[in-house]
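Single-structure report; data block below.
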Amino acid sequence: MEKNNCHCSNSIDCHTGKKKKINCLKCKTEPYEINIRENYPLCKKCFLSFMQHKFRTNVGQTKKVKKGANVLIALSGGNCSRALLDIFYQYHKGAENPKSGKIQRFNEIAVAYVDDSIITGQNNVEEIKKIVSPYNIPLIINSIEDIFSISLDENNYSNIMNIVNKEGNNKEFTLASNNNIDNKVAIKELFDSIPLIADKESLLNNMRLVLLNFMAKNSKYPVLCLGDSSTKTAIDVISYTCKGRGSSLPLDTGNESEIVDGVIMIKPGKTLLKQEFIQYNKYLELTALPDIEMSASDILKSIDSISAGFINDLQKNFPSTVTAVVSTVNKLTMDKNNYSQYHCSLCLYPIRKDSEKWYASKSITEIKDINNFDYDHTEVYKQIPQFYQYLCFNCQILMDSIKPQDNQTLHLPSYVACRFNKYKSDSSQ
Amino acid sequence: MSSNTPRIKKPKKTCDICKSGKPVIKRPKTGQLVCKECFYFVFEEEIHQTIIQGNVFKENEKVAIGASGGKDSTVLAYVMNLLNKRHNYKLDLVLLSIDEGITGYRDDSLETVKRNARQYNLPLKIVSYKELYGWSMDEIVKEAGNKNNCTFCGVLRRQALDRGAVMLGAKHILTGHNADDIAETVLMNILRGDIPRLQRCTFITTGNDSMIKRSKPFKYTYEKEIVMYAHFKKLDYFSTECIYAPNAFRGNARVFLKDLEKVRSTAIMDIIYSGESYENQSNNNIPTSKVCERCGYMSSNKICKACVLLEGLNKGLPSLGIKKSKKARANPKVIKEGESKEIKVKNFQDLTKEENCKMEYVVEKSEKNNEMDIDENKKLMDSVNNMKRKLQNLD
């Protein structure tokens, strides 16, 4: 009777001290090999099919993706996207055989890689080629600096956005004609002018995502598959909240979202833990690029790294943390009435109404007469750059963080200028 | 060698606002270096902006300030008293304190509140757990052990504040929750998956549809600035932490927040912005508001949490309401004769304003206070209304 009530969770019987035989929860015949979810022990074979099954379910739940569409799979080379590429390939290949009884949902698959070596200093193009070559599928590579010469709406590269220092620690954002700037120099200068690692990371992530969407649109792939795991999603929820990006969180972390017309982003790995992807790669001996190592002092300057540490620590003590956070964010919605008709010129996500006035309305930075309490607090709204009306809250923070040196002119990509120009003329009509 | 090199004097830093005063604080919200005088102005007036933008008060309202004697509530009482006079809110302010019965902590902090009441000339009412529920926190800890103290204390305090407010005839309670507290709560509600609370926690006023509403005028005020304000103004506050166990889960979020603040001090405001934009359009998650069958207090179940906890304490089952009901009832403690406590909590619905409510401190109105200059009063009202119109139009 006592034995039946035993709640010992590990594989050692607390009463006899001998190893208990715990079988795989799925096949119930083989002994279990891994138990990443704590209460879900699986053997190797069942684990691999579990990964395929979860992936298949997630793809099946996408509503906007049309049958027979071409898919561009974004690959960073990390454990999650590496494993997801393999799972996607197996899923696609498996359905090619008519005897399999599976539906061929997609027409053609290809891989996209953004080379950000100019910012990170790590060139992984050769490793990426090695990863993709066994699959015999197209590989599209663009460098992050190409973001300066892309056009999202129409072939309009004529304008560019200049940033210069103005009097009183303010910045001026002006439209200028594009005099064939050197993309490499422009991006290097832009990132060098941002002191904080946290802001550099945000800008790089925004630009990378826009470039991936452009690559998908330009190469006629209406579906862009991102390799986000549930662990990454949970970390993003926390770090985006801390960066003031909460207003677009349902889209940022959603299963399928669209920021560029004609390209739907899907995240079929969103219900799988990072640890599961690592295990998948281990079982199938798939090589992935190691995570970027940061020094201890740099970790303390990065909101993404601090958030990752916070979630990972909690996950160790409370194994349901990641799933709880992801299911919380899945329930969040966006009420159109609270959002502007324009999307952010930089990250392309929706802008919450009056976000540019939010900080100014919550803080007083000027005093005209210290003895006069009858003052017009709203006067400070006039000092807000017009450009901020067309940026989301997080991108406004990013723009604030850019510190051009005296007499230096920094540039923003032409798609930003193009969007700003379009919105400005729309609103003046 | 070094003695020969001419010393270059660094230019003296001046206040970023008035450009003349000596800076005493770097504001975490704006990054500005400000002098004492400018700091007082922006600190007080930002709270005024929050109140006006949130449309927090009605004229002639009786408002109870939840006062614990700590830094937040002491500064809240001081600033509300000041703004009430400066901007003529026409509020009837009362201090309301809860005596949980924690020896060595609450008894000392209540002495601070009593001094504050005299210093600011505000009436003070103290309501004790012992008087309301028949249990002091010391007795509860003795009965239930050191774990889950904060569950008992938090649940009982919420109700005690409302009961105290009804006794005073106030329908509005102000609490000293600051921006750091709200940012912490946003993060905790995400981790807990509590969508209704995630939406609610950033509201400046909650409980609009219930009998007593609550507001947080310090919603956008940093903890650091509150401490500095109390320090510069030499306010009398009690700074000891509660002697019972700190809340571990909140502690995790607090440490994380402190790390974040080191990266970017505005992160706290950014979290509040994010929290304000979280929406959930489906109403499935919102529990229907009921009235507790035993005590008449609002509840989402037949019997409110406070009554379940008190039942556990009275019957010798202190884990009732904390652990699963079956487990909690499995090993009842044997209650000796004379130890049984069957104290009936007064029904909340039957509570009314006590005409002769026992006050700890009563204000003696001076003739000067009564004779308010009518012209000055009108001038102030016009300026407040003018600002209200401007802000509301722009929002």
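Ordered as shown in the structure tokens, chains take letters A, B, and onward, while each chain numbers its residues from 1 and ligands are numbered from 1 in the order shown.
For Gln389 of chain A, the residues within 8 Å (counting only C-alpha atoms, excluding itself and residues fewer than 6 positions away along the chain) are Asp354, Ser355 and Glu356 of chain A.
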Suppose we keep N, CA and C atoms; can you now write the selection as a PDB file, in the first residue's frame?
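Saved as again_33.pdb:
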ATOM      1  N   ASP A 354      -0.593  57.382 -30.360  1.00  0.00           N
ATOM      2  CA  ASP A 354       0.016  58.381 -29.471  1.00  0.00           C
ATOM      3  C   ASP A 354       1.242  57.862 -28.708  1.00  0.00           C
ATOM      4  N   SER A 355       1.880  56.834 -29.245  1.00  0.00           N
ATOM      5  CA  SER A 355       3.039  56.295 -28.513  1.00  0.00           C
ATOM      6  C   SER A 355       4.162  57.312 -28.422  1.00  0.00           C
ATOM      7  N   GLU A 356       4.247  58.222 -29.409  1.00  0.00           N
ATOM      8  CA  GLU A 356       5.342  59.206 -29.391  1.00  0.00           C
ATOM      9  C   GLU A 356       5.172  60.216 -28.257  1.00  0.00           C
TER      10      GLU A 356
END
Kindly provide the residues of chain B that approach chain A to within 7 Å, each paired with its closest atom pair and their distance in Å to one decimal, based on only C-alpha atoms, listed by chain and increasing number, as CSV.
residue,atom,partner,partner_atom,distance
B:Ile17,CA,A:Glu366,CA,5.8
B:Phe41,CA,A:Ile370,CA,7.0
B:Val42,CA,A:Ile364,CA,5.8
B:Glu46,CA,A:Ser363,CA,6.1
B:Ile190,CA,A:Val325,CA,6.0
B:Leu191,CA,A:Val325,CA,5.4
B:Arg192,CA,A:Ala324,CA,6.8
B:Gly193,CA,A:Thr328,CA,4.8
B:Ile195,CA,A:Thr328,CA,6.8
B:Tyr220,CA,A:Lys362,CA,6.9
B:Phe256,CA,A:Phe310,CA,6.7
B:Leu260,CA,A:Ile303,CA,6.8
B:Val263,CA,A:Lys301,CA,5.2
B:Ala267,CA,A:Cys242,CA,5.6
B:Asp270,CA,A:Gly244,CA,4.3
B:Ile271,CA,A:Cys242,CA,4.8
B:Tyr273,CA,A:Gly244,CA,6.0
B:Ser274,CA,A:Gly246,CA,4.0
B:Gly275,CA,A:Gly246,CA,6.8
B:Ser277,CA,A:Ser247,CA,5.1
B:Tyr278,CA,A:Leu332,CA,6.5
B:Glu279,CA,A:Thr333,CA,5.5
B:Asn280,CA,A:Leu332,CA,5.0
B:Gln281,CA,A:Thr333,CA,6.4
B:Ser383,CA,A:Asp374,CA,5.7
B:Met387,CA,A:Asp376,CA,6.9
Helix (DSSP H, G or I) positions in segment 79-296 of chain B, given as a ChimeraX atom specification: /B:79-86,106-120,129-133,137-144,149-168,179-192,195-200,223-232,248-263,267-277
Distance criterion (only C-alpha atoms): nearest to Asn178 of chain B out of B:Phe203, B:Phe152, B:Tyr129, B:Phe218: B:Phe218
Which residues, written as a list in words, have at least one atom at most 12 Å from His92 of chain A, with only C-alpha atoms counted and residues fewer than 5 positions away on the same chain left out? Gln52, Phe55, Arg56, Val59, Gly68, Asn70, Val71, Leu84, Leu85, Asp86, Ile87, Asn97, Ser100, Lys102, Ile103, Gln104, Arg105, Phe106, Asn107, Glu108, Ile109, Ala110, Tyr135 and Ile137 of chain A
Please provide as an MDAnalysis selection string all residues within 12 Å of Asn205 of chain A, with the sequence filter that same-chain residues fewer than 6 positions apart are discarded (counting only C-alpha atoms). chainID A and resid 76 114 116 119 144 198:199 211:212 236 240 252 304 346:347 395 398
Non-local contacts of Thr174 of chain A (7 Å; only C-alpha atoms; under 4 positions in same chain excluded) as a list of chain:residue names: A:Met161, A:Asn162, A:Ile163
If I take atom CA of Ala112 of chain A and atom CA of Leu139 of chain A, how far is one from the other in Å, to one decimal?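 Taking atom CA of Ala112 of chain A as the start and atom CA of Leu139 of chain A as the end point, the length is 5.9 Å.
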Surrounding residues of segment 292-304 of chain B excluding itself and chain neighbours under 5 positions, 9 Å, only C-alpha atoms, as number ranges by chain: B: 159, 210, 287, 309, 344-350
Keeping only N, CA and C atoms, write those residues as a tab-separated table (two decimals), in the first residue's frame.
chain	number	residue	atom	x	y	z
B	159	GLN	N	-8.81	43.03	2.60
B	159	GLN	CA	-10.17	43.19	3.14
B	159	GLN	C	-10.19	44.21	4.29
B	210	SER	N	-16.76	48.29	-7.97
B	210	SER	CA	-17.01	47.74	-6.63
B	210	SER	C	-17.27	48.90	-5.65
B	287	PRO	N	-13.47	36.29	-13.99
B	287	PRO	CA	-14.43	35.60	-13.14
B	287	PRO	C	-15.58	36.55	-12.75
B	309	LEU	N	-9.35	30.91	4.76
B	309	LEU	CA	-8.12	30.92	5.58
B	309	LEU	C	-8.47	31.00	7.07
B	344	LYS	N	-16.84	35.51	14.83
B	344	LYS	CA	-17.61	35.79	13.62
B	344	LYS	C	-17.17	37.14	13.07
B	345	VAL	N	-16.76	37.10	11.80
B	345	VAL	CA	-16.36	38.34	11.15
B	345	VAL	C	-17.61	39.10	10.75
B	346	LYS	N	-17.63	40.36	11.03
B	346	LYS	CA	-18.81	41.18	10.75
B	346	LYS	C	-19.09	41.21	9.25
B	347	ASN	N	-20.36	41.07	8.87
B	347	ASN	CA	-20.71	41.05	7.45
B	347	ASN	C	-20.37	42.39	6.81
B	348	PHE	N	-19.66	42.31	5.67
B	348	PHE	CA	-19.18	43.52	5.00
B	348	PHE	C	-20.34	44.40	4.54
B	349	GLN	N	-21.41	43.73	4.09
B	349	GLN	CA	-22.57	44.48	3.58
B	349	GLN	C	-23.27	45.27	4.70
B	350	ASP	N	-23.12	44.75	5.94
B	350	ASP	CA	-23.77	45.44	7.06
B	350	ASP	C	-22.94	46.59	7.61
I'd like the contact shell of Lys125 of chain B - 10 Å cut-off, only C-alpha atoms, skipping same-chain residues fewer than 5 positions apart - returned as a list in words. Ala64, Ala67, Val94, Leu95, Leu96, Ser97, Ile98, Lys114, Ala117, Gly164, Ala165, Met167, Leu168, Cys357, Lys358, Met359, Glu360, Tyr361 and Val362 of chain B
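Each of B:Leu198, B:Val63, B:Val155, B:Met137 was checked against Thr175 of chain B using only C-alpha atoms; the smallest atom-to-atom distance is that of B:Val63.
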